[in-house]
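This is run-v3.txt (compact mmCIF, C-alpha atoms and all ligand atoms).
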# COMPACT_ATOMS: atom_id res chain seq x y z
CA MET A 200 109.79 33.17 95.53
CA SER A 201 110.73 36.78 96.23
CA LYS A 202 113.54 38.35 94.20
CA LYS A 203 116.71 39.09 96.14
CA PRO A 204 117.06 42.87 96.32
CA LYS A 205 120.11 44.14 94.47
CA LYS A 206 122.65 46.38 96.14
CA LEU A 207 121.50 49.97 96.00
CA ILE A 208 124.78 51.54 97.10
CA ASP A 209 128.13 50.40 95.67
CA LYS A 210 131.45 50.02 97.47
CA LYS A 211 132.37 53.62 96.69
CA GLY A 212 129.16 54.86 98.32
CA ARG A 213 127.53 55.72 94.97
CA ARG A 214 123.86 55.09 94.26
CA LEU A 215 122.33 53.34 91.20
CA ASP A 216 122.34 56.61 89.24
CA SER A 217 125.86 57.39 90.57
CA ARG A 218 124.66 60.08 92.97
CA LYS A 219 126.27 60.56 96.37
CA PRO A 220 123.94 60.00 99.37
CA ASN A 221 123.30 63.72 99.91
CA GLU A 222 122.88 64.61 96.23
CA LEU A 223 119.62 65.75 94.62
CA ARG A 224 118.56 64.61 91.17
CA ASN A 225 118.79 67.16 88.35
CA ILE A 226 115.96 69.66 88.69
CA ARG A 227 114.47 71.95 86.04
CA ILE A 228 111.62 74.28 86.90
CA GLU A 229 109.57 76.58 84.66
CA VAL A 230 106.87 78.99 85.78
CA GLY A 231 103.91 80.31 83.77
CA ILE A 232 103.89 77.87 80.89
CA LEU A 233 100.11 77.37 80.44
CA SER A 234 98.22 80.27 78.88
CA ASN A 235 94.76 79.06 79.93
CA ALA A 236 95.44 78.62 83.65
CA ASP A 237 95.65 81.55 86.10
CA GLY A 238 99.00 80.20 87.28
CA SER A 239 101.16 77.27 86.26
CA ALA A 240 104.50 75.57 86.73
CA TYR A 241 106.37 72.57 85.35
CA ILE A 242 109.04 70.55 87.12
CA GLU A 243 111.44 67.86 86.06
CA GLN A 244 113.20 66.15 88.95
CA GLY A 245 115.25 63.26 87.65
CA LYS A 246 112.83 61.38 85.40
CA ASN A 247 109.74 62.93 87.05
CA LYS A 248 107.79 65.28 84.76
CA ILE A 249 104.96 67.13 86.47
CA LEU A 250 102.66 69.99 85.49
CA ALA A 251 100.63 72.11 87.90
CA GLY A 252 97.83 74.49 86.91
CA VAL A 253 95.87 76.80 89.21
CA PHE A 254 92.45 78.43 88.74
CA GLY A 255 91.11 81.11 91.06
CA PRO A 256 90.29 82.62 93.43
CA LYS A 257 86.80 82.33 91.91
CA GLU A 258 83.22 81.66 92.96
CA MET A 259 83.04 78.26 94.62
CA HIS A 260 81.18 75.45 92.86
CA PRO A 261 79.27 73.71 94.35
CA LYS A 262 78.28 76.71 96.43
CA HIS A 263 77.55 74.76 99.61
CA LEU A 264 81.26 73.91 99.90
CA SER A 265 82.20 77.60 100.18
CA ARG A 266 83.18 79.06 103.57
CA PRO A 267 81.94 82.47 104.78
CA ASP A 268 85.30 83.45 106.29
CA ARG A 269 87.89 81.99 103.92
CA MET A 270 88.86 80.64 100.56
CA VAL A 271 88.75 76.87 100.00
CA LEU A 272 91.81 75.33 98.39
CA ARG A 273 91.05 72.18 96.42
CA CYS A 274 93.75 69.99 94.99
CA ARG A 275 93.68 67.15 92.48
CA TYR A 276 96.78 65.01 91.95
CA HIS A 277 96.47 62.82 88.87
CA MET A 278 98.82 60.40 87.16
CA ALA A 279 98.59 60.07 83.39
CA PRO A 280 98.01 56.48 82.18
CA PHE A 281 101.44 56.58 80.52
CA SER A 282 103.26 58.01 83.56
CA VAL A 283 104.32 54.66 85.04
CA GLU A 284 105.66 51.40 83.66
CA GLU A 285 102.39 49.53 83.92
CA ARG A 286 99.51 51.49 82.35
CA LYS A 287 97.61 53.25 85.11
CA SER A 288 93.85 53.53 84.89
CA PRO A 289 92.88 57.16 84.31
CA ALA A 290 90.25 56.86 87.06
CA PRO A 291 91.37 58.26 90.44
CA SER A 292 92.95 55.56 92.60
CA ARG A 293 92.92 55.46 96.41
CA ARG A 294 96.55 56.61 96.30
CA GLU A 295 95.73 59.64 94.12
CA ILE A 296 92.83 60.62 96.39
CA GLU A 297 95.13 60.43 99.42
CA LEU A 298 97.92 62.35 97.71
CA SER A 299 95.46 65.06 96.58
CA LYS A 300 94.49 65.51 100.24
CA VAL A 301 98.01 65.61 101.69
CA ILE A 302 99.35 67.88 98.93
CA GLY A 303 96.43 70.32 99.45
CA GLU A 304 97.06 70.30 103.21
CA ALA A 305 100.78 70.91 102.64
CA LEU A 306 100.07 73.95 100.45
CA GLU A 307 97.22 75.56 102.39
CA PRO A 308 99.20 77.00 105.36
CA SER A 309 101.18 79.17 102.90
CA VAL A 310 98.07 80.87 101.49
CA PHE A 311 96.27 83.84 103.10
CA VAL A 312 92.93 82.04 102.78
CA GLU A 313 91.17 84.68 104.92
CA TYR A 314 91.71 87.32 102.19
CA TYR A 315 89.14 85.73 99.85
CA PRO A 316 86.02 84.58 101.74
CA ARG A 317 83.46 82.46 99.87
CA THR A 318 85.87 81.72 97.01
CA GLY A 319 87.69 78.63 95.80
CA VAL A 320 91.08 77.92 94.30
CA ASP A 321 91.62 74.75 92.30
CA VAL A 322 95.06 73.20 91.95
CA PHE A 323 95.42 70.56 89.24
CA ILE A 324 98.53 68.40 89.20
CA GLU A 325 99.26 66.13 86.25
CA VAL A 326 102.07 63.64 86.61
CA LEU A 327 103.24 62.99 83.05
CA GLN A 328 106.12 60.73 84.07
CA ALA A 329 106.77 59.30 87.53
CA ASP A 330 110.02 58.12 89.07
CA GLY A 331 109.58 58.30 92.84
CA GLY A 332 108.98 61.36 95.00
CA THR A 333 106.14 62.71 92.88
CA ARG A 334 104.24 64.11 95.89
CA CYS A 335 107.26 66.25 96.77
CA ALA A 336 107.91 67.49 93.24
CA SER A 337 104.14 68.15 92.89
CA ILE A 338 104.13 70.36 96.01
CA THR A 339 107.19 72.28 94.78
CA ALA A 340 105.53 72.93 91.39
CA ALA A 341 102.01 73.60 92.73
CA SER A 342 103.28 76.21 95.18
CA LEU A 343 104.93 78.05 92.29
CA ALA A 344 101.71 77.81 90.26
CA LEU A 345 99.83 79.44 93.19
CA ALA A 346 102.41 82.23 93.31
CA ASP A 347 102.17 82.61 89.52
CA ALA A 348 98.38 83.00 89.86
CA GLY A 349 99.09 86.04 92.06
CA ILE A 350 97.56 84.50 95.19
CA PRO A 351 98.86 86.21 98.35
CA MET A 352 101.17 83.81 100.19
CA ARG A 353 103.33 83.81 103.32
CA ASP A 354 106.06 81.87 101.57
CA LEU A 355 106.57 79.22 98.92
CA VAL A 356 106.21 75.62 100.04
CA VAL A 357 109.06 73.38 98.95
CA SER A 358 109.27 69.65 99.36
CA CYS A 359 111.86 66.88 99.22
CA ALA A 360 112.22 63.37 100.61
CA ALA A 361 115.07 61.56 102.28
CA GLY A 362 115.14 57.90 103.28
CA LYS A 363 117.20 54.83 103.87
CA VAL A 364 118.58 52.52 101.21
CA ASP A 365 120.75 49.57 102.22
CA ASP A 366 122.16 51.02 105.47
CA THR A 367 122.59 54.60 104.31
CA VAL A 368 120.40 57.66 104.77
CA VAL A 369 120.05 59.26 101.32
CA LEU A 370 118.41 62.32 99.77
CA ASP A 371 115.71 62.45 97.08
CA LEU A 372 114.91 58.79 96.43
CA MET A 373 114.11 57.68 92.89
CA ASP A 374 111.57 54.96 92.12
CA THR A 375 113.88 51.92 92.53
CA GLU A 376 115.27 53.27 95.81
CA ASP A 377 111.73 54.02 96.98
CA LYS A 378 110.56 50.48 96.16
CA LEU A 379 113.62 48.48 97.31
CA GLY A 380 114.82 50.79 100.08
CA ALA A 381 114.01 50.58 103.77
CA ALA A 382 112.24 53.90 104.29
CA ASP A 383 111.09 57.13 102.65
CA VAL A 384 110.44 60.37 104.56
CA PRO A 385 108.81 63.15 102.49
CA VAL A 386 109.02 66.61 104.05
CA ALA A 387 107.48 69.93 102.95
CA VAL A 388 108.46 73.22 104.51
CA MET A 389 107.99 76.99 104.30
CA PRO A 390 111.68 77.92 104.60
CA ASN A 391 111.22 81.53 105.80
CA SER A 392 109.60 80.40 109.03
CA ASN A 393 110.98 76.84 109.07
CA ALA A 394 107.37 75.64 109.32
CA VAL A 395 106.87 72.02 108.30
CA THR A 396 103.61 71.47 106.36
CA LEU A 397 104.07 67.79 105.45
CA LEU A 398 105.91 65.00 107.22
CA GLN A 399 105.28 61.38 106.34
CA MET A 400 107.18 58.15 106.70
CA ASP A 401 106.92 54.92 104.78
CA GLY A 402 109.05 52.08 106.19
CA ASN A 403 111.11 51.67 109.34
CA LEU A 404 113.83 53.87 110.81
CA ALA A 405 115.58 54.05 114.16
CA PRO A 406 114.95 57.39 115.94
CA GLU A 407 118.45 58.69 115.11
CA GLU A 408 118.05 57.65 111.45
CA PHE A 409 114.69 59.40 111.33
CA GLU A 410 116.25 62.61 112.66
CA LYS A 411 119.07 62.34 110.12
CA ALA A 412 116.58 61.78 107.29
CA VAL A 413 114.44 64.78 108.30
CA ASN A 414 117.50 67.03 108.52
CA LEU A 415 118.74 65.83 105.14
CA ALA A 416 115.31 66.36 103.56
CA MET A 417 115.21 69.90 105.02
CA GLU A 418 118.64 70.55 103.52
CA GLY A 419 117.33 69.34 100.13
CA CYS A 420 114.28 71.62 100.50
CA LYS A 421 116.54 74.63 101.03
CA ARG A 422 118.46 73.85 97.85
CA ILE A 423 115.24 73.41 95.83
CA TYR A 424 113.84 76.65 97.33
CA ASP A 425 116.66 78.56 95.60
CA LEU A 426 115.68 76.94 92.30
CA GLN A 427 112.01 77.86 92.89
CA LYS A 428 112.87 81.52 93.47
CA GLU A 429 115.13 81.52 90.43
CA ALA A 430 112.32 80.08 88.26
CA LEU A 431 109.90 82.80 89.44
CA ARG A 432 112.49 85.49 88.80
CA THR A 433 113.15 84.14 85.28
CA LYS A 434 109.46 84.30 84.43
CA TYR A 435 109.05 87.88 85.60
CA MET A 436 112.29 89.04 83.96
CA ALA A 437 111.05 87.59 80.65
CA ALA A 438 107.66 89.33 81.10
CA LYS A 439 109.42 92.61 81.88
CA GLN A 440 111.61 92.34 78.79
CA GLU A 441 108.52 91.65 76.64
CA GLU A 442 106.86 94.79 78.03
CA GLU A 443 109.95 96.85 77.29
CA VAL A 444 110.05 95.62 73.67
CA LYS A 445 106.38 96.60 73.21
CA GLU A 446 106.95 100.14 74.55
O1 LIG B 1 105.62 59.40 94.12
P1 LIG B 1 105.69 59.30 95.62
O2 LIG B 1 107.04 58.76 96.10
O3 LIG B 1 105.32 60.59 96.28
O4 LIG B 1 104.56 58.28 96.06
P2 LIG B 1 104.64 56.68 96.28
O5 LIG B 1 103.23 56.21 96.51
O6 LIG B 1 105.67 56.36 97.29
O7 LIG B 1 105.08 56.14 94.85
C1 LIG B 1 106.41 55.92 94.53
C2 LIG B 1 106.55 55.70 93.06
O8 LIG B 1 105.91 54.50 92.67
C3 LIG B 1 105.93 56.75 92.15
O9 LIG B 1 106.66 57.95 92.08
C4 LIG B 1 105.91 56.01 90.84
O10 LIG B 1 107.17 56.08 90.22
C5 LIG B 1 105.63 54.57 91.27
N1 LIG B 1 104.22 54.19 91.02
C6 LIG B 1 103.97 53.24 90.03
O11 LIG B 1 104.91 52.74 89.42
N2 LIG B 1 102.67 52.91 89.72
C7 LIG B 1 101.62 53.49 90.36
N3 LIG B 1 100.36 53.16 90.06
C8 LIG B 1 101.88 54.43 91.38
C9 LIG B 1 103.19 54.76 91.68
This entry written out as C-alpha cells:
Amino acid sequence: MSKKPKKLIDKKGRRLDSRKPNELRNIRIEVGILSNADGSAYIEQGKNKILAGVFGPKEMHPKHLSRPDRMVLRCRYHMAPFSVEERKSPAPSRREIELSKVIGEALEPSVFVEYYPRTGVDVFIEVLQADGGTRCASITAASLALADAGIPMRDLVVSCAAGKVDDTVVLDLMDTEDKLGAADVPVAVMPNSNAVTLLQMDGNLAPEEFEKAVNLAMEGCKRIYDLQKEALRTKYMAAKQEEEVKE
C-alpha cells in the first residue's frame, strides 16, 4: 500500500523547512580550496555538500579522443557512498553517467574551447552529501572551478531548479520536495547573455506552470550568480593580501 503523501506546504504558505515558495536554501560557496587541482570550488546549498576539481587544459588521454580544432571538456559527477540515506555503491550508476553528460554539456558553451586545440579539461564533481538539486549545485560549483583554473570563459554558468509541490510553484526544491512533489525543472544559464545551457523537467506541469517555474528558476540563478561572483572575488582578494604580506 502506498504511503499517503504528507502536506508539503502549510496553511501559511510555508514549506517543510519554513521557506517561502520563492526562497532559496542557504548557500555557501568557496573557491580555490584544493591545492592539488588546477581549479576548485565547494558549495553548500541547504544540506547539499559538493566539491568540484578541475585539471587542465592538458594533453588529452587517450589521444584518439582529442580534437584537432578544440579542447574536449570531460565531466564526472560522482556521489560518495555516504552522500545519501541508503549507502550508494561507489561504482558509477546510470544516473551518475547521465548527470555527468548533462552537466558537461551545460558547462561547455561557457568555455572558449577553440583556444586550446588537441587538449582536454577534466571536471571532477564529488557529492559528499545530497539533498535534492545536486545537478544544479554541481554546475554552479564546477563553473567556478573552471574559472579558478584560469580557463578563458564567456561567462559563469549558474544553475537552480524550480518545481511544483502540492499546488504551488516553488524555488530550489530539497530532497523531500523533489521526491513527493509534482515536478522539478532544473535550469542552467549564462546570465550575461541570458543563454540557457540546461533545461530539464521531471514530472508534469501545465504550460503556464512550466513558464512560471522556468522564470522562477531564472530568478534563483540570478541570485546565485551574485554569490558566485562574490566567492571568486573573495578568493582573489585573499590571494592579493597574501602577496602584499610577502612583499
Ligand atoms: O540531485 P538532483 O535533483 O539533481 O537529481 P535527482 O536524480 O532528481 O535526485 C534527487 C535527489 O535524490 C538527490 O539530490 C538525492 O538527495 C536523492 N538520491 C538518493 O537519495 N539516492 C540516490 N542513489 C540518488 C539520489
Dump the neighbourhood of ligand LIG 1 (chain B) as number ranges by chain: all residues within 9 Å, distances computed on all atoms listed in the file. A: 247, 278, 280, 282-288, 292, 294-295, 298, 328-337, 360, 372-375, 377-378, 383, 385, 401
Hey, can you spit out that residue selection with C-alpha atoms as a PDB file, in the coordinates of the input?
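again_6.pdb, written as the output of this step:
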ATOM      1  CA  ASN A 247     109.740  62.930  87.050  1.00  0.00           C
ATOM      2  CA  MET A 278      98.820  60.400  87.160  1.00  0.00           C
ATOM      3  CA  PRO A 280      98.010  56.480  82.180  1.00  0.00           C
ATOM      4  CA  SER A 282     103.260  58.010  83.560  1.00  0.00           C
ATOM      5  CA  VAL A 283     104.320  54.660  85.040  1.00  0.00           C
ATOM      6  CA  GLU A 284     105.660  51.400  83.660  1.00  0.00           C
ATOM      7  CA  GLU A 285     102.390  49.530  83.920  1.00  0.00           C
ATOM      8  CA  ARG A 286      99.510  51.490  82.350  1.00  0.00           C
ATOM      9  CA  LYS A 287      97.610  53.250  85.110  1.00  0.00           C
ATOM     10  CA  SER A 288      93.850  53.530  84.890  1.00  0.00           C
ATOM     11  CA  SER A 292      92.950  55.560  92.600  1.00  0.00           C
ATOM     12  CA  ARG A 294      96.550  56.610  96.300  1.00  0.00           C
ATOM     13  CA  GLU A 295      95.730  59.640  94.120  1.00  0.00           C
ATOM     14  CA  LEU A 298      97.920  62.350  97.710  1.00  0.00           C
ATOM     15  CA  GLN A 328     106.120  60.730  84.070  1.00  0.00           C
ATOM     16  CA  ALA A 329     106.770  59.300  87.530  1.00  0.00           C
ATOM     17  CA  ASP A 330     110.020  58.120  89.070  1.00  0.00           C
ATOM     18  CA  GLY A 331     109.580  58.300  92.840  1.00  0.00           C
ATOM     19  CA  GLY A 332     108.980  61.360  95.000  1.00  0.00           C
ATOM     20  CA  THR A 333     106.140  62.710  92.880  1.00  0.00           C
ATOM     21  CA  ARG A 334     104.240  64.110  95.890  1.00  0.00           C
ATOM     22  CA  CYS A 335     107.260  66.250  96.770  1.00  0.00           C
ATOM     23  CA  ALA A 336     107.910  67.490  93.240  1.00  0.00           C
ATOM     24  CA  SER A 337     104.140  68.150  92.890  1.00  0.00           C
ATOM     25  CA  ALA A 360     112.220  63.370 100.610  1.00  0.00           C
ATOM     26  CA  LEU A 372     114.910  58.790  96.430  1.00  0.00           C
ATOM     27  CA  MET A 373     114.110  57.680  92.890  1.00  0.00           C
ATOM     28  CA  ASP A 374     111.570  54.960  92.120  1.00  0.00           C
ATOM     29  CA  THR A 375     113.880  51.920  92.530  1.00  0.00           C
ATOM     30  CA  ASP A 377     111.730  54.020  96.980  1.00  0.00           C
ATOM     31  CA  LYS A 378     110.560  50.480  96.160  1.00  0.00           C
ATOM     32  CA  ASP A 383     111.090  57.130 102.650  1.00  0.00           C
ATOM     33  CA  PRO A 385     108.810  63.150 102.490  1.00  0.00           C
ATOM     34  CA  ASP A 401     106.920  54.920 104.780  1.00  0.00           C
TER      35      ASP A 401
END
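Comparing A:Glu376, A:Met400, A:Ala430, A:Asn235 by their smallest distance to Arg218 (chain A), the closest is A:Glu376 (using all atoms listed in the file).
Separating CA of Asp237 (chain A) from CA of Lys262 (chain A) is a distance of 20.8 Å.
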Pick from A:Gly319, A:Ser217, A:Asp347, A:Gly245: nearest to Leu233 (chain A), with all atoms listed in the file counted?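 Closest candidate: A:Asp347.
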Between CA of Tyr314 (chain A) and CA of Arg273 (chain A), measure the distance and give it in Å to one decimal.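 Atom-to-atom, CA of Tyr314 (chain A) to CA of Arg273 (chain A), that is 16.2 Å.
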List every residue of region 269-327 of chain A that has an atom at most 8 Å from any atom of region 349-358 of chain A, and for each one report the closest atom pair and its distance in Å to one decimal, counting only C-alpha atoms, with rows sorted by chain and then by increasing residue number, as JSON lines.
{"residue": "A:Ala305", "atom": "CA", "partner": "A:Val356", "partner_atom": "CA", "distance": 7.6}
{"residue": "A:Leu306", "atom": "CA", "partner": "A:Val356", "partner_atom": "CA", "distance": 6.4}
{"residue": "A:Ser309", "atom": "CA", "partner": "A:Arg353", "partner_atom": "CA", "distance": 5.1}
{"residue": "A:Val310", "atom": "CA", "partner": "A:Met352", "partner_atom": "CA", "distance": 4.5}
{"residue": "A:Phe311", "atom": "CA", "partner": "A:Met352", "partner_atom": "CA", "distance": 5.7}
I'd like the interatomic distance between CA of Lys428 (chain A) and CA of Ala412 (chain A), to a tenth of an Å. 24.4 Å
Selected residue of minimal separation from Leu397 (chain A) among A:Gly303, A:Gly362, A:Pro291, A:Gly231, counting only C-alpha atoms: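 Closest candidate: A:Gly303.
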Let me make sure I understand: among A:Asp365, A:Glu441, A:Glu446, A:Glu325, which one has the smallest atom-to-atom distance to Lys205 (chain A) if we use all atoms listed in the file?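 Selected residue with least distance to Lys205 (chain A): A:Asp365.
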Residue contacts of Glu258 (chain A) (7 Å, only C-alpha atoms) excluding same-chain residues fewer than 2 positions away, as a VMD selection string: chain A and resid 260 317 to 319
Centre and edges of the region 227-236 of chain A box, axis-aligned, 6 Å extra per side, as JSON:
{"center_x": 104.6, "center_y": 76.1, "center_z": 82.9, "size_x": 31.7, "size_y": 20.4, "size_z": 20.0}
Quick one: everything within 9 Å of Val369 (chain A), counting only C-alpha atoms, minus sequence neighbours fewer than 4 positions away in the same chain. Send it as a PyMOL selection string. chain A and resi 219-222+360-364+412+415-416
Same residues, C-alpha atoms, saved as a PDB file, in the frame of the given file:
ATOM      1  CA  LYS A 219     126.270  60.560  96.370  1.00  0.00           C
ATOM      2  CA  PRO A 220     123.940  60.000  99.370  1.00  0.00           C
ATOM      3  CA  ASN A 221     123.300  63.720  99.910  1.00  0.00           C
ATOM      4  CA  GLU A 222     122.880  64.610  96.230  1.00  0.00           C
ATOM      5  CA  ALA A 360     112.220  63.370 100.610  1.00  0.00           C
ATOM      6  CA  ALA A 361     115.070  61.560 102.280  1.00  0.00           C
ATOM      7  CA  GLY A 362     115.140  57.900 103.280  1.00  0.00           C
ATOM      8  CA  LYS A 363     117.200  54.830 103.870  1.00  0.00           C
ATOM      9  CA  VAL A 364     118.580  52.520 101.210  1.00  0.00           C
ATOM     10  CA  ALA A 412     116.580  61.780 107.290  1.00  0.00           C
ATOM     11  CA  LEU A 415     118.740  65.830 105.140  1.00  0.00           C
ATOM     12  CA  ALA A 416     115.310  66.360 103.560  1.00  0.00           C
TER      13      ALA A 416
END
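Proximity of A:Cys420, A:Leu343, A:Leu379, A:Ala394 to Ser239 (chain A), computed with all atoms listed in the file, is greatest for A:Leu343.
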Of A:Leu398, A:Ala438, A:Ala382, A:Val253, the one sitting nearest Ala344 (chain A) when using all atoms listed in the file is A:Val253
